[in-house]
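Pasted below: upload26.txt, compact mmCIF, N, CA and C atoms.
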```
# COMPACT_ATOMS: atom_id res chain seq x y z
N MET A 7 -12.46 -1.26 9.42
CA MET A 7 -11.06 -1.23 9.79
C MET A 7 -10.96 -0.82 11.25
N HIS A 8 -10.08 -1.50 11.94
CA HIS A 8 -9.79 -1.17 13.33
C HIS A 8 -8.31 -0.78 13.39
N SER A 9 -7.98 0.18 14.24
CA SER A 9 -6.59 0.58 14.37
C SER A 9 -6.25 0.85 15.82
N THR A 10 -4.96 0.73 16.11
CA THR A 10 -4.47 1.08 17.44
C THR A 10 -3.06 1.64 17.31
N LEU A 11 -2.75 2.60 18.16
CA LEU A 11 -1.41 3.16 18.24
C LEU A 11 -0.59 2.24 19.14
N LEU A 12 0.45 1.63 18.59
CA LEU A 12 1.27 0.69 19.35
C LEU A 12 2.39 1.38 20.11
N ALA A 13 2.95 2.44 19.51
CA ALA A 13 4.07 3.13 20.14
C ALA A 13 4.15 4.54 19.59
N GLU A 14 4.69 5.42 20.43
CA GLU A 14 4.91 6.80 19.99
C GLU A 14 6.07 7.37 20.80
N ASN A 15 7.14 7.75 20.08
CA ASN A 15 8.26 8.40 20.73
C ASN A 15 9.17 9.05 19.70
N ASP A 16 9.77 10.15 20.07
CA ASP A 16 10.72 10.88 19.22
C ASP A 16 10.19 11.13 17.81
N GLY A 17 8.93 11.49 17.68
CA GLY A 17 8.36 11.79 16.38
C GLY A 17 8.01 10.57 15.55
N LYS A 18 8.10 9.40 16.15
CA LYS A 18 7.81 8.16 15.44
C LYS A 18 6.57 7.52 16.05
N ARG A 19 5.61 7.16 15.19
CA ARG A 19 4.42 6.43 15.64
C ARG A 19 4.34 5.11 14.88
N VAL A 20 3.88 4.10 15.59
CA VAL A 20 3.67 2.79 14.97
C VAL A 20 2.22 2.40 15.22
N PHE A 21 1.52 2.11 14.13
CA PHE A 21 0.10 1.74 14.20
C PHE A 21 -0.09 0.32 13.70
N ALA A 22 -1.07 -0.35 14.27
CA ALA A 22 -1.55 -1.63 13.72
C ALA A 22 -2.95 -1.37 13.18
N LEU A 23 -3.18 -1.76 11.94
CA LEU A 23 -4.50 -1.67 11.32
C LEU A 23 -4.95 -3.09 11.04
N VAL A 24 -6.20 -3.37 11.31
CA VAL A 24 -6.78 -4.67 10.96
C VAL A 24 -7.99 -4.39 10.08
N LEU A 25 -7.88 -4.82 8.82
CA LEU A 25 -8.96 -4.63 7.87
C LEU A 25 -9.85 -5.86 7.88
N ASP A 26 -11.13 -5.63 7.71
CA ASP A 26 -12.12 -6.70 7.74
C ASP A 26 -12.51 -7.14 6.34
N ALA A 27 -13.16 -8.29 6.27
CA ALA A 27 -13.63 -8.83 5.01
C ALA A 27 -14.49 -7.80 4.27
N GLY A 28 -14.24 -7.68 2.98
CA GLY A 28 -15.00 -6.77 2.13
C GLY A 28 -14.38 -5.39 1.97
N GLU A 29 -13.44 -5.04 2.83
CA GLU A 29 -12.82 -3.72 2.73
C GLU A 29 -11.76 -3.71 1.63
N GLU A 30 -11.62 -2.57 0.98
CA GLU A 30 -10.62 -2.42 -0.08
C GLU A 30 -9.35 -1.87 0.55
N ALA A 31 -8.27 -2.63 0.47
CA ALA A 31 -7.05 -2.36 1.22
C ALA A 31 -6.41 -1.02 0.87
N PHE A 32 -6.18 -0.74 -0.39
CA PHE A 32 -5.47 0.48 -0.79
C PHE A 32 -6.24 1.71 -0.31
N ALA A 33 -7.55 1.71 -0.49
CA ALA A 33 -8.37 2.85 -0.08
C ALA A 33 -8.37 3.01 1.44
N CYS A 34 -8.47 1.92 2.19
CA CYS A 34 -8.49 2.01 3.66
C CYS A 34 -7.18 2.54 4.21
N ILE A 35 -6.06 2.04 3.69
CA ILE A 35 -4.76 2.50 4.17
C ILE A 35 -4.55 3.96 3.80
N SER A 36 -4.96 4.35 2.61
CA SER A 36 -4.85 5.76 2.19
C SER A 36 -5.67 6.67 3.09
N ARG A 37 -6.90 6.26 3.34
CA ARG A 37 -7.78 7.07 4.20
C ARG A 37 -7.18 7.22 5.59
N PHE A 38 -6.68 6.13 6.15
CA PHE A 38 -6.08 6.17 7.48
C PHE A 38 -4.88 7.12 7.50
N ALA A 39 -4.01 7.03 6.50
CA ALA A 39 -2.83 7.89 6.44
C ALA A 39 -3.23 9.36 6.38
N ASN A 40 -4.26 9.67 5.62
CA ASN A 40 -4.72 11.06 5.55
C ASN A 40 -5.35 11.52 6.85
N GLU A 41 -6.14 10.66 7.49
CA GLU A 41 -6.76 11.02 8.77
C GLU A 41 -5.72 11.27 9.85
N GLN A 42 -4.61 10.53 9.80
CA GLN A 42 -3.55 10.67 10.80
C GLN A 42 -2.47 11.67 10.37
N ALA A 43 -2.64 12.29 9.20
CA ALA A 43 -1.67 13.26 8.66
C ALA A 43 -0.26 12.65 8.57
N ILE A 44 -0.21 11.43 8.06
CA ILE A 44 1.07 10.73 7.90
C ILE A 44 1.65 11.08 6.53
N SER A 45 2.88 11.59 6.53
CA SER A 45 3.51 11.94 5.25
C SER A 45 4.80 11.18 5.02
N THR A 46 5.27 10.43 6.00
CA THR A 46 6.48 9.63 5.84
C THR A 46 6.33 8.36 6.67
N ALA A 47 6.23 7.22 6.00
CA ALA A 47 6.05 5.96 6.73
C ALA A 47 6.38 4.77 5.84
N SER A 48 6.61 3.65 6.49
CA SER A 48 6.72 2.38 5.78
C SER A 48 5.52 1.53 6.16
N ILE A 49 5.17 0.61 5.26
CA ILE A 49 3.99 -0.24 5.44
C ILE A 49 4.41 -1.69 5.22
N THR A 50 3.95 -2.57 6.09
CA THR A 50 4.07 -4.02 5.87
C THR A 50 2.73 -4.64 6.22
N ALA A 51 2.40 -5.75 5.57
CA ALA A 51 1.13 -6.41 5.87
C ALA A 51 1.15 -7.87 5.44
N ILE A 52 0.29 -8.64 6.10
CA ILE A 52 -0.01 -10.01 5.69
C ILE A 52 -1.50 -10.22 5.88
N GLY A 53 -2.04 -11.22 5.20
CA GLY A 53 -3.45 -11.52 5.31
C GLY A 53 -3.91 -12.24 4.06
N ALA A 54 -5.10 -11.84 3.57
CA ALA A 54 -5.63 -12.50 2.39
C ALA A 54 -6.62 -11.59 1.66
N PHE A 55 -6.74 -11.83 0.36
CA PHE A 55 -7.69 -11.11 -0.50
C PHE A 55 -8.63 -12.12 -1.16
N GLU A 56 -9.88 -11.70 -1.37
CA GLU A 56 -10.78 -12.54 -2.16
C GLU A 56 -10.59 -12.26 -3.65
N ARG A 57 -10.12 -11.06 -3.95
CA ARG A 57 -9.74 -10.69 -5.33
C ARG A 57 -8.85 -9.47 -5.22
N ALA A 58 -8.02 -9.28 -6.23
CA ALA A 58 -7.08 -8.16 -6.21
C ALA A 58 -6.66 -7.83 -7.63
N THR A 59 -6.03 -6.68 -7.76
CA THR A 59 -5.40 -6.30 -9.02
C THR A 59 -4.03 -5.75 -8.69
N VAL A 60 -3.02 -6.32 -9.32
CA VAL A 60 -1.67 -5.80 -9.22
C VAL A 60 -1.28 -5.29 -10.60
N GLY A 61 -0.22 -4.51 -10.65
CA GLY A 61 0.17 -3.92 -11.92
C GLY A 61 1.65 -4.04 -12.19
N PHE A 62 1.97 -4.03 -13.47
CA PHE A 62 3.36 -4.04 -13.94
C PHE A 62 3.55 -2.81 -14.79
N PHE A 63 4.52 -1.96 -14.44
CA PHE A 63 4.69 -0.69 -15.15
C PHE A 63 5.34 -0.93 -16.51
N ASP A 64 4.68 -0.45 -17.56
CA ASP A 64 5.16 -0.54 -18.93
C ASP A 64 5.77 0.81 -19.31
N PHE A 65 7.09 0.84 -19.48
CA PHE A 65 7.78 2.09 -19.80
C PHE A 65 7.38 2.65 -21.16
N GLU A 66 7.01 1.79 -22.08
CA GLU A 66 6.62 2.24 -23.42
C GLU A 66 5.32 3.03 -23.38
N THR A 67 4.34 2.53 -22.66
CA THR A 67 3.03 3.20 -22.62
C THR A 67 2.89 4.15 -21.43
N LYS A 68 3.88 4.10 -20.52
CA LYS A 68 3.85 4.93 -19.31
C LYS A 68 2.58 4.68 -18.50
N SER A 69 2.20 3.42 -18.41
CA SER A 69 1.02 3.05 -17.64
C SER A 69 1.22 1.64 -17.09
N TYR A 70 0.33 1.28 -16.17
CA TYR A 70 0.41 -0.04 -15.56
C TYR A 70 -0.44 -1.03 -16.33
N ASP A 71 0.17 -2.16 -16.69
CA ASP A 71 -0.59 -3.29 -17.21
C ASP A 71 -1.25 -3.93 -15.99
N GLN A 72 -2.57 -4.07 -16.02
CA GLN A 72 -3.28 -4.65 -14.89
C GLN A 72 -3.23 -6.17 -14.93
N ILE A 73 -2.96 -6.74 -13.76
CA ILE A 73 -2.92 -8.19 -13.62
C ILE A 73 -4.00 -8.57 -12.60
N PRO A 74 -5.17 -9.01 -13.07
CA PRO A 74 -6.23 -9.36 -12.14
C PRO A 74 -5.96 -10.69 -11.45
N VAL A 75 -6.30 -10.75 -10.19
CA VAL A 75 -6.24 -11.99 -9.42
C VAL A 75 -7.68 -12.21 -8.96
N VAL A 76 -8.38 -13.12 -9.65
CA VAL A 76 -9.83 -13.28 -9.45
C VAL A 76 -10.17 -14.50 -8.60
N GLU A 77 -9.28 -14.81 -7.68
CA GLU A 77 -9.50 -15.92 -6.77
C GLU A 77 -8.92 -15.55 -5.41
N GLN A 78 -9.29 -16.33 -4.40
CA GLN A 78 -8.75 -16.14 -3.07
C GLN A 78 -7.24 -16.25 -3.13
N SER A 79 -6.54 -15.34 -2.45
CA SER A 79 -5.08 -15.39 -2.42
C SER A 79 -4.58 -15.01 -1.04
N GLU A 80 -3.45 -15.57 -0.70
CA GLU A 80 -2.76 -15.20 0.54
C GLU A 80 -1.86 -14.01 0.23
N VAL A 81 -1.89 -13.00 1.09
CA VAL A 81 -0.96 -11.89 0.96
C VAL A 81 0.33 -12.35 1.63
N LEU A 82 1.25 -12.84 0.80
CA LEU A 82 2.51 -13.38 1.32
C LEU A 82 3.45 -12.26 1.75
N SER A 83 3.38 -11.16 1.03
CA SER A 83 4.22 -10.01 1.34
C SER A 83 3.55 -8.77 0.77
N LEU A 84 3.41 -7.77 1.60
CA LEU A 84 2.91 -6.47 1.15
C LEU A 84 3.80 -5.44 1.82
N ILE A 85 4.54 -4.70 1.00
CA ILE A 85 5.45 -3.70 1.54
C ILE A 85 5.31 -2.41 0.73
N GLY A 86 5.59 -1.31 1.38
CA GLY A 86 5.51 -0.05 0.66
C GLY A 86 5.85 1.13 1.54
N ASP A 87 5.51 2.30 1.01
CA ASP A 87 5.77 3.52 1.76
C ASP A 87 4.66 4.52 1.54
N ILE A 88 4.67 5.51 2.41
CA ILE A 88 3.74 6.63 2.32
C ILE A 88 4.58 7.89 2.24
N ALA A 89 4.24 8.76 1.32
CA ALA A 89 4.89 10.07 1.19
C ALA A 89 3.80 11.08 0.88
N GLU A 90 4.14 12.34 0.93
CA GLU A 90 3.19 13.38 0.56
C GLU A 90 3.19 13.53 -0.96
N GLY A 91 2.00 13.49 -1.55
CA GLY A 91 1.87 13.63 -2.99
C GLY A 91 1.81 15.09 -3.41
N ASP A 92 1.79 15.32 -4.71
CA ASP A 92 1.70 16.68 -5.26
C ASP A 92 0.47 17.42 -4.77
N ASP A 93 -0.60 16.68 -4.42
CA ASP A 93 -1.84 17.30 -3.94
C ASP A 93 -1.84 17.56 -2.43
N GLY A 94 -0.72 17.23 -1.77
CA GLY A 94 -0.62 17.44 -0.33
C GLY A 94 -1.19 16.30 0.50
N LYS A 95 -1.74 15.29 -0.16
CA LYS A 95 -2.33 14.15 0.55
C LYS A 95 -1.34 12.98 0.59
N ALA A 96 -1.66 12.01 1.44
CA ALA A 96 -0.82 10.82 1.53
C ALA A 96 -0.82 10.08 0.20
N SER A 97 0.36 9.72 -0.25
CA SER A 97 0.54 9.00 -1.51
C SER A 97 1.18 7.65 -1.19
N LEU A 98 0.45 6.57 -1.45
CA LEU A 98 0.96 5.22 -1.17
C LEU A 98 1.65 4.64 -2.39
N HIS A 99 2.72 3.90 -2.14
CA HIS A 99 3.37 3.09 -3.15
C HIS A 99 3.56 1.73 -2.52
N VAL A 100 2.80 0.76 -2.98
CA VAL A 100 2.73 -0.55 -2.33
C VAL A 100 2.89 -1.66 -3.35
N HIS A 101 3.73 -2.62 -3.02
CA HIS A 101 3.89 -3.82 -3.84
C HIS A 101 3.40 -5.02 -3.04
N ALA A 102 2.90 -6.03 -3.75
CA ALA A 102 2.38 -7.23 -3.09
C ALA A 102 2.78 -8.48 -3.85
N VAL A 103 3.03 -9.53 -3.11
CA VAL A 103 3.19 -10.87 -3.67
C VAL A 103 2.02 -11.68 -3.11
N LEU A 104 1.22 -12.22 -4.01
CA LEU A 104 0.01 -12.96 -3.64
C LEU A 104 0.20 -14.44 -3.97
N GLY A 105 -0.06 -15.29 -2.98
CA GLY A 105 0.06 -16.73 -3.18
C GLY A 105 -1.28 -17.33 -3.56
N LEU A 106 -1.27 -18.15 -4.59
CA LEU A 106 -2.49 -18.80 -5.08
C LEU A 106 -2.59 -20.23 -4.57
N ARG A 107 -3.78 -20.81 -4.71
CA ARG A 107 -4.07 -22.15 -4.19
C ARG A 107 -3.06 -23.20 -4.67
N ASP A 108 -2.60 -23.08 -5.91
CA ASP A 108 -1.69 -24.08 -6.46
C ASP A 108 -0.22 -23.83 -6.09
N GLY A 109 0.02 -22.82 -5.26
CA GLY A 109 1.38 -22.52 -4.83
C GLY A 109 2.09 -21.51 -5.71
N SER A 110 1.47 -21.13 -6.82
CA SER A 110 2.08 -20.12 -7.67
C SER A 110 1.83 -18.74 -7.06
N THR A 111 2.48 -17.74 -7.60
CA THR A 111 2.32 -16.38 -7.10
C THR A 111 2.08 -15.40 -8.23
N LYS A 112 1.45 -14.30 -7.87
CA LYS A 112 1.33 -13.15 -8.76
C LYS A 112 1.74 -11.95 -7.92
N GLY A 113 2.40 -11.01 -8.55
CA GLY A 113 2.83 -9.86 -7.77
C GLY A 113 3.02 -8.64 -8.62
N GLY A 114 3.14 -7.52 -7.95
CA GLY A 114 3.38 -6.25 -8.61
C GLY A 114 2.90 -5.11 -7.74
N HIS A 115 2.70 -3.99 -8.38
CA HIS A 115 2.21 -2.78 -7.73
C HIS A 115 0.76 -3.02 -7.32
N LEU A 116 0.44 -2.89 -6.02
CA LEU A 116 -0.93 -3.13 -5.58
C LEU A 116 -1.82 -1.99 -6.05
N MET A 117 -2.82 -2.33 -6.83
CA MET A 117 -3.78 -1.35 -7.32
C MET A 117 -5.05 -1.41 -6.49
N LYS A 118 -5.49 -2.62 -6.18
CA LYS A 118 -6.64 -2.79 -5.28
C LYS A 118 -6.67 -4.23 -4.81
N GLY A 119 -7.26 -4.40 -3.63
CA GLY A 119 -7.40 -5.74 -3.07
C GLY A 119 -8.56 -5.75 -2.10
N THR A 120 -9.50 -6.65 -2.32
CA THR A 120 -10.64 -6.80 -1.43
C THR A 120 -10.30 -7.85 -0.39
N VAL A 121 -10.31 -7.45 0.86
CA VAL A 121 -9.87 -8.29 1.97
C VAL A 121 -10.85 -9.44 2.22
N ARG A 122 -10.28 -10.62 2.51
CA ARG A 122 -11.06 -11.76 2.97
C ARG A 122 -10.13 -12.80 3.54
N PRO A 123 -10.09 -13.12 4.78
CA PRO A 123 -10.94 -12.60 5.84
C PRO A 123 -10.37 -11.38 6.56
N THR A 124 -9.03 -11.19 6.47
CA THR A 124 -8.42 -10.08 7.21
C THR A 124 -7.13 -9.64 6.53
N LEU A 125 -6.72 -8.43 6.85
CA LEU A 125 -5.40 -7.94 6.44
C LEU A 125 -4.84 -7.21 7.66
N GLU A 126 -3.66 -7.64 8.09
CA GLU A 126 -3.00 -7.07 9.25
C GLU A 126 -1.87 -6.18 8.76
N VAL A 127 -1.98 -4.89 9.04
CA VAL A 127 -1.08 -3.88 8.48
C VAL A 127 -0.34 -3.18 9.62
N ILE A 128 0.97 -3.03 9.46
CA ILE A 128 1.77 -2.22 10.38
C ILE A 128 2.25 -0.98 9.61
N VAL A 129 1.92 0.18 10.15
CA VAL A 129 2.34 1.46 9.56
C VAL A 129 3.33 2.08 10.53
N THR A 130 4.56 2.27 10.08
CA THR A 130 5.62 2.84 10.90
C THR A 130 5.96 4.23 10.38
N GLU A 131 5.49 5.23 11.10
CA GLU A 131 5.73 6.62 10.72
C GLU A 131 7.11 7.04 11.21
N MET A 132 7.78 7.82 10.40
CA MET A 132 9.11 8.34 10.74
C MET A 132 9.06 9.86 10.85
N PRO A 133 9.90 10.42 11.71
CA PRO A 133 10.01 11.87 11.71
C PRO A 133 10.67 12.29 10.40
N GLY A 134 10.37 13.45 9.93
CA GLY A 134 10.90 13.90 8.65
C GLY A 134 9.79 14.02 7.65
N HIS A 135 10.18 14.18 6.40
CA HIS A 135 9.17 14.44 5.38
C HIS A 135 9.63 13.86 4.05
N LEU A 136 8.81 13.01 3.46
CA LEU A 136 9.06 12.50 2.11
C LEU A 136 8.03 13.09 1.17
N ARG A 137 8.46 13.38 -0.03
CA ARG A 137 7.58 13.96 -1.04
C ARG A 137 7.64 13.09 -2.28
N ARG A 138 6.48 12.85 -2.89
CA ARG A 138 6.41 12.11 -4.14
C ARG A 138 5.93 13.09 -5.20
N ARG A 139 6.70 13.22 -6.28
CA ARG A 139 6.35 14.16 -7.35
C ARG A 139 6.28 13.43 -8.68
N LYS A 140 5.33 13.87 -9.48
CA LYS A 140 5.17 13.26 -10.80
C LYS A 140 6.35 13.63 -11.70
N VAL A 141 6.88 12.60 -12.35
CA VAL A 141 7.95 12.77 -13.32
C VAL A 141 7.31 12.65 -14.69
N GLU A 142 7.15 13.76 -15.36
CA GLU A 142 6.41 13.79 -16.64
C GLU A 142 6.99 12.82 -17.67
N ALA A 143 8.31 12.71 -17.73
CA ALA A 143 8.93 11.83 -18.73
C ALA A 143 8.56 10.36 -18.53
N LEU A 144 8.23 10.00 -17.29
CA LEU A 144 7.85 8.62 -17.00
C LEU A 144 6.34 8.44 -16.87
N GLY A 145 5.66 9.51 -16.48
CA GLY A 145 4.21 9.40 -16.29
C GLY A 145 3.82 8.88 -14.92
N ILE A 146 4.77 8.79 -14.00
CA ILE A 146 4.50 8.30 -12.65
C ILE A 146 5.15 9.24 -11.63
N ALA A 147 4.70 9.13 -10.39
CA ALA A 147 5.27 9.92 -9.30
C ALA A 147 6.33 9.10 -8.58
N LEU A 148 7.47 9.74 -8.33
CA LEU A 148 8.58 9.09 -7.64
C LEU A 148 8.97 9.89 -6.41
N LEU A 149 9.58 9.20 -5.44
CA LEU A 149 10.06 9.89 -4.24
C LEU A 149 11.14 10.89 -4.61
N LYS A 150 11.06 12.05 -3.98
CA LYS A 150 12.05 13.10 -4.15
C LYS A 150 12.50 13.56 -2.77
N PRO A 151 13.42 12.80 -2.14
CA PRO A 151 13.89 13.22 -0.81
C PRO A 151 14.58 14.56 -0.87
N ARG A 152 14.48 15.28 0.23
CA ARG A 152 15.14 16.59 0.30
C ARG A 152 16.62 16.43 0.43
```

Take the structure in this file and express it as structure tokens.
Amino acid sequence: MHSTLLAENDGKRVFALVLDAGEEAFACISRFANEQAISTASITAIGAFERATVGFFDFETKSYDQIPVVEQSEVLSLIGDIAEGDDGKASLHVHAVLGLRDGSTKGGHLMKGTVRPTLEVIVTEMPGHLRRRKVEALGIALLKPR
């Protein structure tokens, strides 16, 4: 992964990350956010995956049904946010729409995606602080703005 600081002013930083083939997107973005001590940001990206897993939240089981994408796909849209998790580390919440060769799409909560050939990510940090806390009744962590 390569990164550069594009802008910095008034407590706001904007980074460009370029992930290389073979890198796992969710892990790379998480690691970068923790290294930069980012606790409030938005994420957008485009690129492609050689394989990925997205998820659909099942309220009955309080877990994600995994939807594997076992073929090359275009990352048509990847959006999300970064907040501070209960453990004090960066907590990502990212959704993706992946385009397949036949023009169909699969989408949901991004669980993992292996980049091929590249993923171009913009991380826009905001001044302030967002916190994500686990909601026991749902079994997932949700944003809890102050």

(request) Measuring atom to atom with only C-alpha atoms, identify which of A:Asp26, A:Glu66, A:Glu131, A:Glu56 is nearest to Ala13 of chain A. (result)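 Selected residue with least distance to Ala13 of chain A: A:Glu131.
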
(request) Return the single residue from A:Met7, A:Leu144, A:Ala47, A:Ala31 that is closest to Val129 of chain A, with distances computed using all atoms listed in the file. (result)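 Closest candidate: A:Ala47.
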
(request) Select, from A:Thr124, A:Phe65, A:Leu148, A:Ala39, the residue with the minimum atom-to-atom distance to Val24 of chain A, counting all atoms listed in the file. (result) A:Thr124

(request) Write out as a VMD selection string which residues come within 7 Å of segment 91-105 of chain A when counting only C-alpha atoms, dropping same-chain ones fewer than 5 positions away. (result) chain A and resid 36 39 to 40 44 to 45 79 to 86 110 to 116 137 to 139

(message) One decimal, in Å: what's the spacing between atom CA of Glu14 of chain A and atom N of Leu149 of chain A?
(response) 26.0 Å

(request) Would you return as a PyMOL selection string the members of chain A that DSSP assigns to helix (DSSP H, G or I) on this structure's backbone? (result) chain A and resi 31-41

Within 6 Å of Gly145 of chain A, counting all atoms listed in the file, which residues show up once you throw out same-chain ones fewer than 3 positions away? Write them as a PDB file with N, CA and C atoms, in the coordinates of the input, please.
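Result file follows (around_37.pdb):
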```pdb
ATOM      1  N   LYS A  68       3.880   4.100 -20.520  1.00  0.00           N
ATOM      2  CA  LYS A  68       3.850   4.930 -19.310  1.00  0.00           C
ATOM      3  C   LYS A  68       2.580   4.680 -18.500  1.00  0.00           C
ATOM      4  N   VAL A 141       6.880  12.600 -12.350  1.00  0.00           N
ATOM      5  CA  VAL A 141       7.950  12.770 -13.320  1.00  0.00           C
ATOM      6  C   VAL A 141       7.310  12.650 -14.690  1.00  0.00           C
ATOM      7  N   GLU A 142       7.150  13.760 -15.360  1.00  0.00           N
ATOM      8  CA  GLU A 142       6.410  13.790 -16.640  1.00  0.00           C
ATOM      9  C   GLU A 142       6.990  12.820 -17.670  1.00  0.00           C
TER      10      GLU A 142
END
```

(message) Report, in Å with one decimal, the straight-line distance from atom CA of Ile35 of chain A to atom C of Asp64 of chain A.
(response)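 Going from atom CA of Ile35 of chain A over to atom C of Asp64 of chain A, I get 25.8 Å.
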
(request) Name all residues at most 7 Å from Glu126 of chain A (count only C-alpha atoms; drop same-chain ones fewer than 5 positions away) and give them as a list in words. (result)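 Non-adjacent residues within range: Leu23, Val24, Leu25, Ala51, Ile52 and Gly53 of chain A.
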
(request) Could you jot down the atom CA of Ile146 of chain A to atom N of Thr59 of chain A separation for me, Å, one decimal place? (result)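 Those two atoms sit 19.0 Å apart.
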
Adding 6 Å on each side of the box along x, y and z that holds all listed atoms of segment 127-146 of chain A, could you give its centre and edge lengths in Å to one decimal, as lines of an AutoDock Vina configuration file?
```
center_x = 4.5
center_y = 4.8
center_z = -3.5
size_x = 24.9
size_y = 31.3
size_z = 42.4
```

(message) Please extract the residues of chain A with a backbone DSSP assignment of strand (DSSP E) and present them as a ChimeraX atom specification.
(response) /A:8-15,18-26,46-64,69-75,79-90,96-105,111-131,138-141,146-149

Might you pull out every residue within 7 Å of Pro74 of chain A, with all atoms listed in the file counted and same-chain residues fewer than 3 positions away left off, and present them as an mmCIF file with N, CA and C atoms, keeping the file's coordinate frame?
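Wrote it out as part20.cif, contents follow:
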```cif
data_model
loop_
_atom_site.group_PDB
_atom_site.id
_atom_site.type_symbol
_atom_site.label_atom_id
_atom_site.label_comp_id
_atom_site.auth_asym_id
_atom_site.auth_seq_id
_atom_site.Cartn_x
_atom_site.Cartn_y
_atom_site.Cartn_z
ATOM 1 N N ARG A 57 -10.120 -11.060 -3.950
ATOM 2 C CA ARG A 57 -9.740 -10.690 -5.330
ATOM 3 C C ARG A 57 -8.850 -9.470 -5.220
ATOM 4 N N ALA A 58 -8.020 -9.280 -6.230
ATOM 5 C CA ALA A 58 -7.080 -8.160 -6.210
ATOM 6 C C ALA A 58 -6.660 -7.830 -7.630
ATOM 7 N N THR A 59 -6.030 -6.680 -7.760
ATOM 8 C CA THR A 59 -5.400 -6.300 -9.020
ATOM 9 C C THR A 59 -4.030 -5.750 -8.690
ATOM 10 N N VAL A 60 -3.020 -6.320 -9.320
ATOM 11 C CA VAL A 60 -1.670 -5.800 -9.220
ATOM 12 C C VAL A 60 -1.280 -5.290 -10.600
ATOM 13 N N GLU A 77 -9.280 -14.810 -7.680
ATOM 14 C CA GLU A 77 -9.500 -15.920 -6.770
ATOM 15 C C GLU A 77 -8.920 -15.550 -5.410
#
```
